[in-house]
Amino acid sequence: MTDYTPTEMMTIAAARALRNGDVCFVGIGMPSAAANLARLTHAPDIVLIYESGTLGTKPSVLPLSIGDGELCETALTTVSVPEMFRYWLQGGRITVGFLGGAQIDRFANLNTTVVGPYDKPKVRLPGGGGAPEIATACGEIFIIMAQSKRSFVDKLDFVTSLGHGEGGDHRERLGVKTKGPTRLMTDLCIFEPDPQSNEMIVTSIHSGVTRAQVTEATGWPVCFAHTVAETPAPTAQELEVLRELHARTARAHGNAA
Amino acid sequence: MTDYTPTEMMTIAAARALRNGDVCFVGIGMPSAAANLARLTHAPDIVLIYESGTLGTKPSVLPLSIGDGELCETALTTVSVPEMFRYWLQGGRITVGFLGGAQIDRFANLNTTVVGPYDKPKVRLPGGGGAPEIATACGEIFIIMAQSKRSFVDKLDFVTSLGHGEGGDHRERLGVKTKGPTRLMTDLCIFEPDPQSNEMIVTSIHSGVTRAQVTEATGWPVCFAHTVAETPAPTAQELEVLRELHARTARAHGNAA
Amino acid sequence: MSRVMSLEEAVEANVRDGDTVAMEGFTHLIPHAAGHEVIRQRRKRLTLVRMTPDLIYDQLVGMGCAAKMVFSWTGNPGVGSLHRVRDAVENGWPRPLALEEHSHAAMANAYEAGAAGLPCAVFRGYIGADLPKVNPNIKTISCPFTGQSLSAVPALRPDIAIIHAQRADRSGNVLIEGIIGVQKEAVLAAKRSIVTVEEIVDDFGQRSPNACILPSWTVTAIAEVPGGAFPSYAFGYYKRDNAFYTAWDAIARDRDSFAAWMKANVLEKGPEAFAAHSRKRAMAAE
Amino acid sequence: MSRVMSLEEAVEANVRDGDTVAMEGFTHLIPHAAGHEVIRQRRKRLTLVRMTPDLIYDQLVGMGCAAKMVFSWTGNPGVGSLHRVRDAVENGWPRPLALEEHSHAAMANAYEAGAAGLPCAVFRGYIGADLPKVNPNIKTISCPFTGQSLSAVPALRPDIAIIHAQRADRSGNVLIEGIIGVQKEAVLAAKRSIVTVEEIVDDFGQRSPNACILPSWTVTAIAEVPGGAFPSYAFGYYKRDNAFYTAWDAIARDRDSFAAWMKANVLEKGPEAFAAHSRKRAMAAE
């Protein structure tokens, strides 16, 4: 079996979750790598949208920022940012949105705003950006986050974007009709919401990872599904395409590969 | 002196009222003729905007409809109709709007909706189109209408667009900060609002027209300003440019000139 | 993903009796061929939505396809009244026609709100005007910061939007250029959409990075109908036939001459008849 | 009508102490040269508005020009934190910085509402999120037709908007292409505006009929500053200098290295220094 890193496994697991018909609202970093990996492997017709206004973009290298020239040059067309948020996101045209964050709780609510109190934060994080509305307007949400007790917490310091709220039918009670987080990909495993409680439970563990490792890296008493799968290891093709993408990107950004 | 028609006089009087720095929201028909006459004579830098979305258009012939190709081909750029009404009209960027109608009252309120009751009209007119918001969003309003007792009425059947309302400071009381109708050009004379009452009063009578003719053609007891000017007759140049414009238009539209 | 099909199939599959239909195009790119196809297929009880009902709705109303019209200005621009619409409103012939009347600003904002997934549009409108007194779909709303009173109208969400555009590519994306009106908003606001195009090309080629393009996944059906906007026009292809608009006045004034014209030019023809009016020309050519 | 002048004159005449300033550009066309000029002219107590405060505001905040920042995401994209902004927020150095925080959707809608002359923006946002609890400028409003609860934020109406664009023509019109962000809205929402451009041309020449153009009568001042978006980029001219963004992290981490860099590259330089980064290239060239 080929060697691969936990981050590669996480990215590949996220790419696999995307379908060829999806219209995907992509963020920078791992979501961008995952979405483009999907496009370059099993989902050639996936539509990638970046909040900078680019519709149907097909970058050959990954952008460093959300509005890199590569995104516009390879897009079907580019619209203004108000139009992007009004017609395309709020208009309900996106099937999958990717999110990540500094903190996540068991109901996949996310915090990218502050650690500590809002008015006197211990760490001032970047803020929500598009997340508060991505979280409720996209058909469903995929989350990619490296797992640790510091980031998978019992209680968020701040709810930047809604996941399943307090669980159960909380989204519905808030008048939200979209599914919310349906999949959380970490470097250790895959979580999916429990059909009743909507708590995120482990449904697949990456090859070579133990339940104890997952439990140890989660800040709440983590639940496992009745049947937990083993995530198939990355295929040689998946790894090759992902690594080529990263290498092209590093060359294009003027960094050593 | 050159011969000219009352309609030519009315169009030329309207053109003269436009200034070189104006940004003018133009309607089809006489407003379009007047605005383009101004552009081709004393106001070469006037900005003409048509509600179909064309910004800074310079048509060589007059459009038959508000979205003729000529308007787009000669425009600085063309925006969508929602943008036109949101950013350009409602945004308060227009200095002068032109309006006309089937009926006008002494406070320059206009009716282009129905003659008779709304639910069972004697005549179903075209409707307001852009007028209700043009009337309040433009810096000031110029009105062009041929004068007759049937159209200059004591009471409108329907207020399609606000003039000075019930007179006085009625616009201000409605929260409207723009001036409203500052000038009404007819085939007989020019009206301007009385500084106190905002009733439209005659301030200039076209050459060869009598006060009796004006009174006879007005459905309310018409008032004349303390000093009433005689509208200068069209100059040879004004007439020449206007007639050439109409002739080019007739040729372009495939009609006999 | 949009599917390319014949106009007959597109109308057959997507326009249903009783639908709320928006055929848009602001002087430019009015989908006349599609309107004729709806008439030929004898659709009934339609609510016809359009900012500026002109010949295309005069024809649909005169042929009895409509029960209601939602509009902000109606007439034959620069020519006069729509005689078939007036006959329906004033005399109920061939059927009564209910009217829901707005201003342009309201309609444009209502399409925008529909495209934006909002339940209503908020704008500064109708101040001192009588329309809010006769149209219950015009309400007011207060700005929660300034207390300023604003107008609100329900978002437009047609069952089906029908537009005409210059080009589609092989992937089913649609390019619109020139006076773009409210067409993009109408399609995005609608549940289904039909776009007739002058031509289907392999690739749009060189274009503005900000071109007005409807991605294929926002469009239901595409039909290639060259000349399909006639007597309206297609920027880059053919000009508006102003003479036809003028001639329409006499045709439509009389019920019999209208019926005869519709029989000869619509009922006994197909979409291919529009090809005679199509002509690709360089954009800057005139 | 816009007036063409030097960047020094444009900032001197239009940016005042205490102003609310919006410098926009979404990754693309960020007006760095103009930001440097504001720093050189030692403007104080500015309220800096920007969806994505990045290096340009890190520099203004670090040099003590700002009292407040209105934003929706702040950081060095793909690299990390803004150390000068954090130092101001966490330690009040060189001055305290108040924050007003929104989401992207709220900021984009607030600029749109400003451009549209509305007092507030209405959108579907912030559902289940904590920001409305800490920002009194986020309120709710009810759709008068459906009762649905929507979010409202005040329209953005900056005293001055500053953007960078590709070209102006001799009449003072401005053409923007590529990722156009909220720049048009920011200029239309603002009382005054400064546009720096890569070049002033006689005529825009062949272009899309729907090109994104700001007419000269919507712009206050235009300054030709080739390379003026560096290290951001100008579509059709030069690429983003990603390496500079990465290098900024070390420069800004330390107060002294930041001060030294600002002295050498901003205080002792002028707008002409940006010309070294300018390079006209064919749009499709890479």
# chains A, B, ... in the order shown; residues from 1 in each chain; ligands from 1
call {"tool": "interface_residues", "arguments": {"of": "chain D", "to": "chain A", "cutoff": "6 Å", "atoms": "only C-alpha atoms", "output": "PyMOL selection string"}}
result
chain D and resi 27+72-75+77-78+103-105+108-109+125-126+128-130+180-182+242
call {"tool": "select_by_dssp", "arguments": {"residues": "stretch 101-179 of chain B", "states": "alpha helix (DSSP H)", "output": "ChimeraX atom specification"}}
result
/B:131-137,170-173
call {"tool": "write_last_selection", "arguments": {"atoms": "C-alpha atoms", "output": "PDB file, in the first residue's frame"}}
result
ATOM      1  CA  ALA B 131     -43.184  56.910 -13.641  1.00  0.00           C
ATOM      2  CA  PRO B 132     -44.148  56.356  -9.958  1.00  0.00           C
ATOM      3  CA  GLU B 133     -40.489  56.108  -8.923  1.00  0.00           C
ATOM      4  CA  ILE B 134     -39.093  58.510 -11.552  1.00  0.00           C
ATOM      5  CA  ALA B 135     -41.415  61.135 -10.074  1.00  0.00           C
ATOM      6  CA  THR B 136     -39.864  60.922  -6.624  1.00  0.00           C
ATOM      7  CA  ALA B 137     -36.271  59.742  -7.232  1.00  0.00           C
ATOM      8  CA  HIS B 170     -46.885  67.920   0.582  1.00  0.00           C
ATOM      9  CA  ARG B 171     -43.846  66.217  -0.965  1.00  0.00           C
ATOM     10  CA  GLU B 172     -41.754  67.017   2.082  1.00  0.00           C
ATOM     11  CA  ARG B 173     -44.481  65.687   4.357  1.00  0.00           C
TER      12      ARG B 173
END
call {"tool": "closest_residue", "arguments": {"among": "D:Pro209, D:Gly178, D:Leu267, D:Leu118", "to": "C:Gln148", "atoms": "only C-alpha atoms"}}
result
D:Leu118
call {"tool": "closest_atom_pairs", "arguments": {"of": "chain D", "to": "chain C", "cutoff": "9 Å", "atoms": "only C-alpha atoms", "output": "tab-separated table"}}
result
residue	atom	partner	partner_atom	distance
D:Ala116	CA	C:Phe123	CA	8.8
D:Gly117	CA	C:Arg124	CA	8.5
D:Leu118	CA	C:Phe123	CA	7.1
D:Pro119	CA	C:Cys143	CA	6.8
D:Cys120	CA	C:Cys143	CA	6.5
D:Ala121	CA	C:Val122	CA	8.7
D:Val122	CA	C:Val122	CA	7.6
D:Phe123	CA	C:Leu118	CA	7.1
D:Arg124	CA	C:Leu118	CA	7.2
D:Asn137	CA	C:Phe145	CA	8.2
D:Lys139	CA	C:Pro144	CA	7.0
D:Thr140	CA	C:Pro144	CA	7.7
D:Ile141	CA	C:Pro144	CA	7.1
D:Ser142	CA	C:Ile141	CA	8.3
D:Cys143	CA	C:Cys120	CA	6.4
D:Pro144	CA	C:Lys139	CA	7.0
D:Phe145	CA	C:Pro154	CA	6.7
D:Thr146	CA	C:Pro119	CA	7.0
D:Gln148	CA	C:Pro119	CA	7.6
D:Leu150	CA	C:Leu118	CA	8.8
D:Ala152	CA	C:Pro144	CA	7.5
D:Val153	CA	C:Phe145	CA	8.1
D:Pro154	CA	C:Phe145	CA	6.7
D:Glu177	CA	C:Pro209	CA	6.7
D:Gly178	CA	C:Pro209	CA	5.5
D:Ile179	CA	C:Asn210	CA	8.1
D:Ile180	CA	C:Asn210	CA	8.3
D:Gln206	CA	C:Ala284	CA	8.8
D:Arg207	CA	C:Ser208	CA	7.5
D:Ser208	CA	C:Ser208	CA	6.0
D:Pro209	CA	C:Gly178	CA	5.5
D:Asn210	CA	C:Gly178	CA	6.4
D:Ala211	CA	C:Asn210	CA	7.2
D:Cys212	CA	C:Asn210	CA	7.7
D:Ala284	CA	C:Gln206	CA	8.8
call {"tool": "write_last_selection", "arguments": {"atoms": "C-alpha atoms", "output": "short mmCIF file (atom, residue, chain, number, x, y, z; two decimals), in the first residue's frame"}}
result
data_model
loop_
_atom_site.label_atom_id
_atom_site.label_comp_id
_atom_site.auth_asym_id
_atom_site.auth_seq_id
_atom_site.Cartn_x
_atom_site.Cartn_y
_atom_site.Cartn_z
CA ALA D 116 -29.33 51.51 -4.24
CA GLY D 117 -30.09 54.47 -1.99
CA LEU D 118 -31.83 52.34 0.65
CA PRO D 119 -31.42 52.89 4.40
CA CYS D 120 -30.94 49.18 5.10
CA ALA D 121 -30.29 45.84 3.45
CA VAL D 122 -32.68 42.93 3.86
CA PHE D 123 -31.48 39.36 3.39
CA ARG D 124 -31.80 35.87 4.81
CA ASN D 137 -26.38 46.74 13.90
CA LYS D 139 -31.75 43.40 13.38
CA THR D 140 -34.67 41.37 12.09
CA ILE D 141 -37.58 42.39 9.93
CA SER D 142 -40.71 40.46 8.96
CA CYS D 143 -41.84 39.83 5.41
CA PRO D 144 -45.28 41.50 5.31
CA PHE D 145 -46.63 38.76 3.03
CA THR D 146 -45.28 35.54 4.56
CA GLN D 148 -40.87 35.10 7.42
CA LEU D 150 -35.29 38.23 7.64
CA ALA D 152 -31.47 43.67 8.25
CA VAL D 153 -28.27 45.68 8.50
CA PRO D 154 -27.80 49.40 7.88
CA GLU D 177 -12.83 43.52 -15.40
CA GLY D 178 -12.38 40.11 -13.85
CA ILE D 179 -13.23 39.61 -10.19
CA ILE D 180 -15.21 42.81 -9.73
CA GLN D 206 -14.05 47.09 -28.45
CA ARG D 207 -15.73 45.80 -25.31
CA SER D 208 -18.74 43.88 -24.11
CA PRO D 209 -21.92 45.97 -24.35
CA ASN D 210 -22.45 45.01 -20.71
CA ALA D 211 -18.95 45.80 -19.45
CA CYS D 212 -18.63 46.85 -15.81
CA ALA D 284 -5.69 35.22 -22.19
#
call {"tool": "select_by_dssp", "arguments": {"residues": "stretch 91-165 of chain C", "states": "strand (DSSP E)", "output": "PDB file with all heavy atoms, in the first residue's frame"}}
result
ATOM      1  N   ALA C  98     -57.971  39.226 -15.836  1.00  0.00           N
ATOM      2  CA  ALA C  98     -57.711  39.973 -14.598  1.00  0.00           C
ATOM      3  C   ALA C  98     -56.354  40.653 -14.717  1.00  0.00           C
ATOM      4  O   ALA C  98     -55.449  40.135 -15.367  1.00  0.00           O
ATOM      5  CB  ALA C  98     -57.729  39.016 -13.405  1.00  0.00           C
ATOM      6  N   LEU C  99     -56.233  41.816 -14.094  1.00  0.00           N
ATOM      7  CA  LEU C  99     -54.971  42.552 -14.147  1.00  0.00           C
ATOM      8  C   LEU C  99     -54.394  42.723 -12.747  1.00  0.00           C
ATOM      9  O   LEU C  99     -55.121  43.049 -11.808  1.00  0.00           O
ATOM     10  CB  LEU C  99     -55.183  43.940 -14.759  1.00  0.00           C
ATOM     11  CG  LEU C  99     -55.646  44.013 -16.213  1.00  0.00           C
ATOM     12  CD1 LEU C  99     -55.799  45.472 -16.637  1.00  0.00           C
ATOM     13  CD2 LEU C  99     -54.683  43.288 -17.146  1.00  0.00           C
ATOM     14  N   GLU C 100     -53.095  42.500 -12.600  1.00  0.00           N
ATOM     15  CA  GLU C 100     -52.390  42.901 -11.379  1.00  0.00           C
ATOM     16  C   GLU C 100     -51.303  43.861 -11.809  1.00  0.00           C
ATOM     17  O   GLU C 100     -50.402  43.508 -12.565  1.00  0.00           O
ATOM     18  CB  GLU C 100     -51.798  41.702 -10.640  1.00  0.00           C
ATOM     19  CG  GLU C 100     -51.019  42.164  -9.399  1.00  0.00           C
ATOM     20  CD  GLU C 100     -50.454  41.015  -8.571  1.00  0.00           C
ATOM     21  OE1 GLU C 100     -51.009  39.904  -8.615  1.00  0.00           O
ATOM     22  OE2 GLU C 100     -49.437  41.248  -7.893  1.00  0.00           O
ATOM     23  N   GLU C 101     -51.396  45.093 -11.306  1.00  0.00           N
ATOM     24  CA  GLU C 101     -50.594  46.170 -11.863  1.00  0.00           C
ATOM     25  C   GLU C 101     -49.565  46.682 -10.862  1.00  0.00           C
ATOM     26  O   GLU C 101     -49.875  46.923  -9.696  1.00  0.00           O
ATOM     27  CB  GLU C 101     -51.539  47.311 -12.258  1.00  0.00           C
ATOM     28  CG  GLU C 101     -50.856  48.439 -12.963  1.00  0.00           C
ATOM     29  CD  GLU C 101     -51.860  49.397 -13.609  1.00  0.00           C
ATOM     30  OE1 GLU C 101     -53.076  49.228 -13.371  1.00  0.00           O
ATOM     31  OE2 GLU C 101     -51.415  50.293 -14.337  1.00  0.00           O
ATOM     32  N   CYS C 120     -39.913  38.559  -0.416  1.00  0.00           N
ATOM     33  CA  CYS C 120     -40.440  39.839  -0.887  1.00  0.00           C
ATOM     34  C   CYS C 120     -39.307  40.763  -1.285  1.00  0.00           C
ATOM     35  O   CYS C 120     -38.150  40.536  -0.937  1.00  0.00           O
ATOM     36  CB  CYS C 120     -41.282  40.511   0.209  1.00  0.00           C
ATOM     37  SG  CYS C 120     -40.334  40.961   1.673  1.00  0.00           S
ATOM     38  N   ALA C 121     -39.659  41.785  -2.059  1.00  0.00           N
ATOM     39  CA  ALA C 121     -38.693  42.813  -2.457  1.00  0.00           C
ATOM     40  C   ALA C 121     -38.992  44.070  -1.664  1.00  0.00           C
ATOM     41  O   ALA C 121     -40.157  44.401  -1.424  1.00  0.00           O
ATOM     42  CB  ALA C 121     -38.818  43.106  -3.949  1.00  0.00           C
ATOM     43  N   VAL C 122     -37.938  44.764  -1.266  1.00  0.00           N
ATOM     44  CA  VAL C 122     -38.066  45.996  -0.497  1.00  0.00           C
ATOM     45  C   VAL C 122     -37.408  47.119  -1.292  1.00  0.00           C
ATOM     46  O   VAL C 122     -36.274  46.986  -1.728  1.00  0.00           O
ATOM     47  CB  VAL C 122     -37.385  45.842   0.882  1.00  0.00           C
ATOM     48  CG1 VAL C 122     -37.404  47.148   1.646  1.00  0.00           C
ATOM     49  CG2 VAL C 122     -38.062  44.736   1.683  1.00  0.00           C
ATOM     50  N   PHE C 123     -38.136  48.205  -1.494  1.00  0.00           N
ATOM     51  CA  PHE C 123     -37.589  49.309  -2.283  1.00  0.00           C
ATOM     52  C   PHE C 123     -38.301  50.594  -1.888  1.00  0.00           C
ATOM     53  O   PHE C 123     -39.255  50.577  -1.111  1.00  0.00           O
ATOM     54  CB  PHE C 123     -37.741  49.016  -3.783  1.00  0.00           C
ATOM     55  CG  PHE C 123     -39.169  48.899  -4.253  1.00  0.00           C
ATOM     56  CD1 PHE C 123     -39.755  49.891  -5.022  1.00  0.00           C
ATOM     57  CD2 PHE C 123     -39.940  47.792  -3.899  1.00  0.00           C
ATOM     58  CE1 PHE C 123     -41.074  49.787  -5.447  1.00  0.00           C
ATOM     59  CE2 PHE C 123     -41.260  47.680  -4.318  1.00  0.00           C
ATOM     60  CZ  PHE C 123     -41.827  48.684  -5.089  1.00  0.00           C
ATOM     61  N   LYS C 139     -47.346  46.505  -0.080  1.00  0.00           N
ATOM     62  CA  LYS C 139     -47.430  46.839   1.340  1.00  0.00           C
ATOM     63  C   LYS C 139     -46.254  47.722   1.734  1.00  0.00           C
ATOM     64  O   LYS C 139     -45.377  47.995   0.930  1.00  0.00           O
ATOM     65  CB  LYS C 139     -47.442  45.558   2.180  1.00  0.00           C
ATOM     66  CG  LYS C 139     -48.630  44.653   1.837  1.00  0.00           C
ATOM     67  CD  LYS C 139     -48.927  43.661   2.934  1.00  0.00           C
ATOM     68  CE  LYS C 139     -50.181  42.864   2.573  1.00  0.00           C
ATOM     69  NZ  LYS C 139     -50.636  41.988   3.643  1.00  0.00           N
ATOM     70  N   THR C 140     -46.263  48.166   2.986  1.00  0.00           N
ATOM     71  CA  THR C 140     -45.126  48.948   3.456  1.00  0.00           C
ATOM     72  C   THR C 140     -44.429  48.211   4.584  1.00  0.00           C
ATOM     73  O   THR C 140     -44.989  47.324   5.233  1.00  0.00           O
ATOM     74  CB  THR C 140     -45.541  50.348   3.951  1.00  0.00           C
ATOM     75  OG1 THR C 140     -46.526  50.179   4.958  1.00  0.00           O
ATOM     76  CG2 THR C 140     -46.115  51.189   2.835  1.00  0.00           C
ATOM     77  N   ILE C 141     -43.187  48.591   4.782  1.00  0.00           N
ATOM     78  CA  ILE C 141     -42.327  47.959   5.764  1.00  0.00           C
ATOM     79  C   ILE C 141     -41.466  49.092   6.318  1.00  0.00           C
ATOM     80  O   ILE C 141     -41.201  50.066   5.614  1.00  0.00           O
ATOM     81  CB  ILE C 141     -41.531  46.831   5.052  1.00  0.00           C
ATOM     82  CG1 ILE C 141     -40.858  45.889   6.026  1.00  0.00           C
ATOM     83  CG2 ILE C 141     -40.547  47.373   4.062  1.00  0.00           C
ATOM     84  CD1 ILE C 141     -40.309  44.627   5.313  1.00  0.00           C
ATOM     85  N   SER C 142     -41.078  48.997   7.583  1.00  0.00           N
ATOM     86  CA  SER C 142     -40.282  50.059   8.201  1.00  0.00           C
ATOM     87  C   SER C 142     -38.834  49.645   8.315  1.00  0.00           C
ATOM     88  O   SER C 142     -38.538  48.546   8.783  1.00  0.00           O
ATOM     89  CB  SER C 142     -40.798  50.361   9.608  1.00  0.00           C
ATOM     90  OG  SER C 142     -41.732  51.388   9.564  1.00  0.00           O
ATOM     91  N   SER C 149     -40.214  54.536   5.927  1.00  0.00           N
ATOM     92  CA  SER C 149     -41.195  53.640   5.351  1.00  0.00           C
ATOM     93  C   SER C 149     -40.759  53.242   3.935  1.00  0.00           C
ATOM     94  O   SER C 149     -40.427  54.097   3.113  1.00  0.00           O
ATOM     95  CB  SER C 149     -42.542  54.358   5.317  1.00  0.00           C
ATOM     96  OG  SER C 149     -43.502  53.547   4.707  1.00  0.00           O
ATOM     97  N   LEU C 150     -40.757  51.958   3.667  1.00  0.00           N
ATOM     98  CA  LEU C 150     -40.370  51.452   2.351  1.00  0.00           C
ATOM     99  C   LEU C 150     -41.499  50.601   1.790  1.00  0.00           C
ATOM    100  O   LEU C 150     -42.351  50.132   2.535  1.00  0.00           O
ATOM    101  CB  LEU C 150     -39.089  50.611   2.468  1.00  0.00           C
ATOM    102  CG  LEU C 150     -37.870  51.356   3.028  1.00  0.00           C
ATOM    103  CD1 LEU C 150     -36.757  50.379   3.405  1.00  0.00           C
ATOM    104  CD2 LEU C 150     -37.350  52.366   1.993  1.00  0.00           C
ATOM    105  N   SER C 151     -41.492  50.408   0.476  1.00  0.00           N
ATOM    106  CA  SER C 151     -42.511  49.557  -0.139  1.00  0.00           C
ATOM    107  C   SER C 151     -42.030  48.118  -0.204  1.00  0.00           C
ATOM    108  O   SER C 151     -40.835  47.851  -0.326  1.00  0.00           O
ATOM    109  CB  SER C 151     -42.821  50.036  -1.559  1.00  0.00           C
ATOM    110  OG  SER C 151     -43.591  51.202  -1.514  1.00  0.00           O
ATOM    111  N   ALA C 152     -42.969  47.210  -0.142  1.00  0.00           N
ATOM    112  CA  ALA C 152     -42.659  45.794  -0.312  1.00  0.00           C
ATOM    113  C   ALA C 152     -43.670  45.171  -1.255  1.00  0.00           C
ATOM    114  O   ALA C 152     -44.858  45.514  -1.224  1.00  0.00           O
ATOM    115  CB  ALA C 152     -42.685  45.073   1.037  1.00  0.00           C
ATOM    116  N   VAL C 153     -43.195  44.305  -2.113  1.00  0.00           N
ATOM    117  CA  VAL C 153     -44.074  43.509  -2.982  1.00  0.00           C
ATOM    118  C   VAL C 153     -43.596  42.061  -2.895  1.00  0.00           C
ATOM    119  O   VAL C 153     -42.424  41.813  -2.617  1.00  0.00           O
ATOM    120  CB  VAL C 153     -44.043  43.985  -4.461  1.00  0.00           C
ATOM    121  CG1 VAL C 153     -44.680  45.358  -4.600  1.00  0.00           C
ATOM    122  CG2 VAL C 153     -42.632  43.986  -5.022  1.00  0.00           C
ATOM    123  N   PRO C 154     -44.485  41.090  -3.127  1.00  0.00           N
ATOM    124  CA  PRO C 154     -44.036  39.697  -3.068  1.00  0.00           C
ATOM    125  C   PRO C 154     -43.016  39.422  -4.174  1.00  0.00           C
ATOM    126  O   PRO C 154     -43.102  39.993  -5.270  1.00  0.00           O
ATOM    127  CB  PRO C 154     -45.321  38.887  -3.334  1.00  0.00           C
ATOM    128  CG  PRO C 154     -46.450  39.848  -3.199  1.00  0.00           C
ATOM    129  CD  PRO C 154     -45.911  41.203  -3.484  1.00  0.00           C
ATOM    130  N   ILE C 160     -42.735  29.080 -14.810  1.00  0.00           N
ATOM    131  CA  ILE C 160     -41.884  28.913 -15.979  1.00  0.00           C
ATOM    132  C   ILE C 160     -41.490  30.289 -16.534  1.00  0.00           C
ATOM    133  O   ILE C 160     -42.338  31.168 -16.679  1.00  0.00           O
ATOM    134  CB  ILE C 160     -42.604  28.045 -17.051  1.00  0.00           C
ATOM    135  CG1 ILE C 160     -41.893  28.090 -18.416  1.00  0.00           C
ATOM    136  CG2 ILE C 160     -44.052  28.489 -17.269  1.00  0.00           C
ATOM    137  CD1 ILE C 160     -40.912  26.993 -18.608  1.00  0.00           C
ATOM    138  N   ALA C 161     -40.206  30.452 -16.785  1.00  0.00           N
ATOM    139  CA  ALA C 161     -39.717  31.655 -17.462  1.00  0.00           C
ATOM    140  C   ALA C 161     -39.301  31.271 -18.869  1.00  0.00           C
ATOM    141  O   ALA C 161     -38.703  30.211 -19.085  1.00  0.00           O
ATOM    142  CB  ALA C 161     -38.530  32.254 -16.709  1.00  0.00           C
ATOM    143  N   ILE C 162     -39.660  32.122 -19.826  1.00  0.00           N
ATOM    144  CA  ILE C 162     -39.293  31.863 -21.221  1.00  0.00           C
ATOM    145  C   ILE C 162     -38.568  33.095 -21.747  1.00  0.00           C
ATOM    146  O   ILE C 162     -39.094  34.216 -21.677  1.00  0.00           O
ATOM    147  CB  ILE C 162     -40.541  31.559 -22.073  1.00  0.00           C
ATOM    148  CG1 ILE C 162     -41.290  30.352 -21.498  1.00  0.00           C
ATOM    149  CG2 ILE C 162     -40.146  31.330 -23.524  1.00  0.00           C
ATOM    150  CD1 ILE C 162     -42.568  29.991 -22.276  1.00  0.00           C
ATOM    151  N   ILE C 163     -37.356  32.903 -22.230  1.00  0.00           N
ATOM    152  CA  ILE C 163     -36.591  34.027 -22.796  1.00  0.00           C
ATOM    153  C   ILE C 163     -35.939  33.600 -24.107  1.00  0.00           C
ATOM    154  O   ILE C 163     -35.866  32.408 -24.430  1.00  0.00           O
ATOM    155  CB  ILE C 163     -35.505  34.535 -21.821  1.00  0.00           C
ATOM    156  CG1 ILE C 163     -34.397  33.490 -21.621  1.00  0.00           C
ATOM    157  CG2 ILE C 163     -36.112  34.947 -20.477  1.00  0.00           C
ATOM    158  CD1 ILE C 163     -33.147  34.032 -20.941  1.00  0.00           C
ATOM    159  N   HIS C 164     -35.467  34.593 -24.857  1.00  0.00           N
ATOM    160  CA  HIS C 164     -34.685  34.337 -26.056  1.00  0.00           C
ATOM    161  C   HIS C 164     -33.295  34.910 -25.827  1.00  0.00           C
ATOM    162  O   HIS C 164     -33.151  35.965 -25.197  1.00  0.00           O
ATOM    163  CB  HIS C 164     -35.357  35.006 -27.263  1.00  0.00           C
ATOM    164  CG  HIS C 164     -34.700  34.677 -28.587  1.00  0.00           C
ATOM    165  ND1 HIS C 164     -34.874  33.465 -29.212  1.00  0.00           N
ATOM    166  CD2 HIS C 164     -33.865  35.392 -29.391  1.00  0.00           C
ATOM    167  CE1 HIS C 164     -34.190  33.453 -30.355  1.00  0.00           C
ATOM    168  NE2 HIS C 164     -33.567  34.614 -30.487  1.00  0.00           N
ATOM    169  N   ALA C 165     -32.259  34.232 -26.290  1.00  0.00           N
ATOM    170  CA  ALA C 165     -30.890  34.714 -26.093  1.00  0.00           C
ATOM    171  C   ALA C 165     -30.103  34.521 -27.385  1.00  0.00           C
ATOM    172  O   ALA C 165     -30.564  33.858 -28.311  1.00  0.00           O
ATOM    173  CB  ALA C 165     -30.225  33.964 -24.952  1.00  0.00           C
TER     174      ALA C 165
END
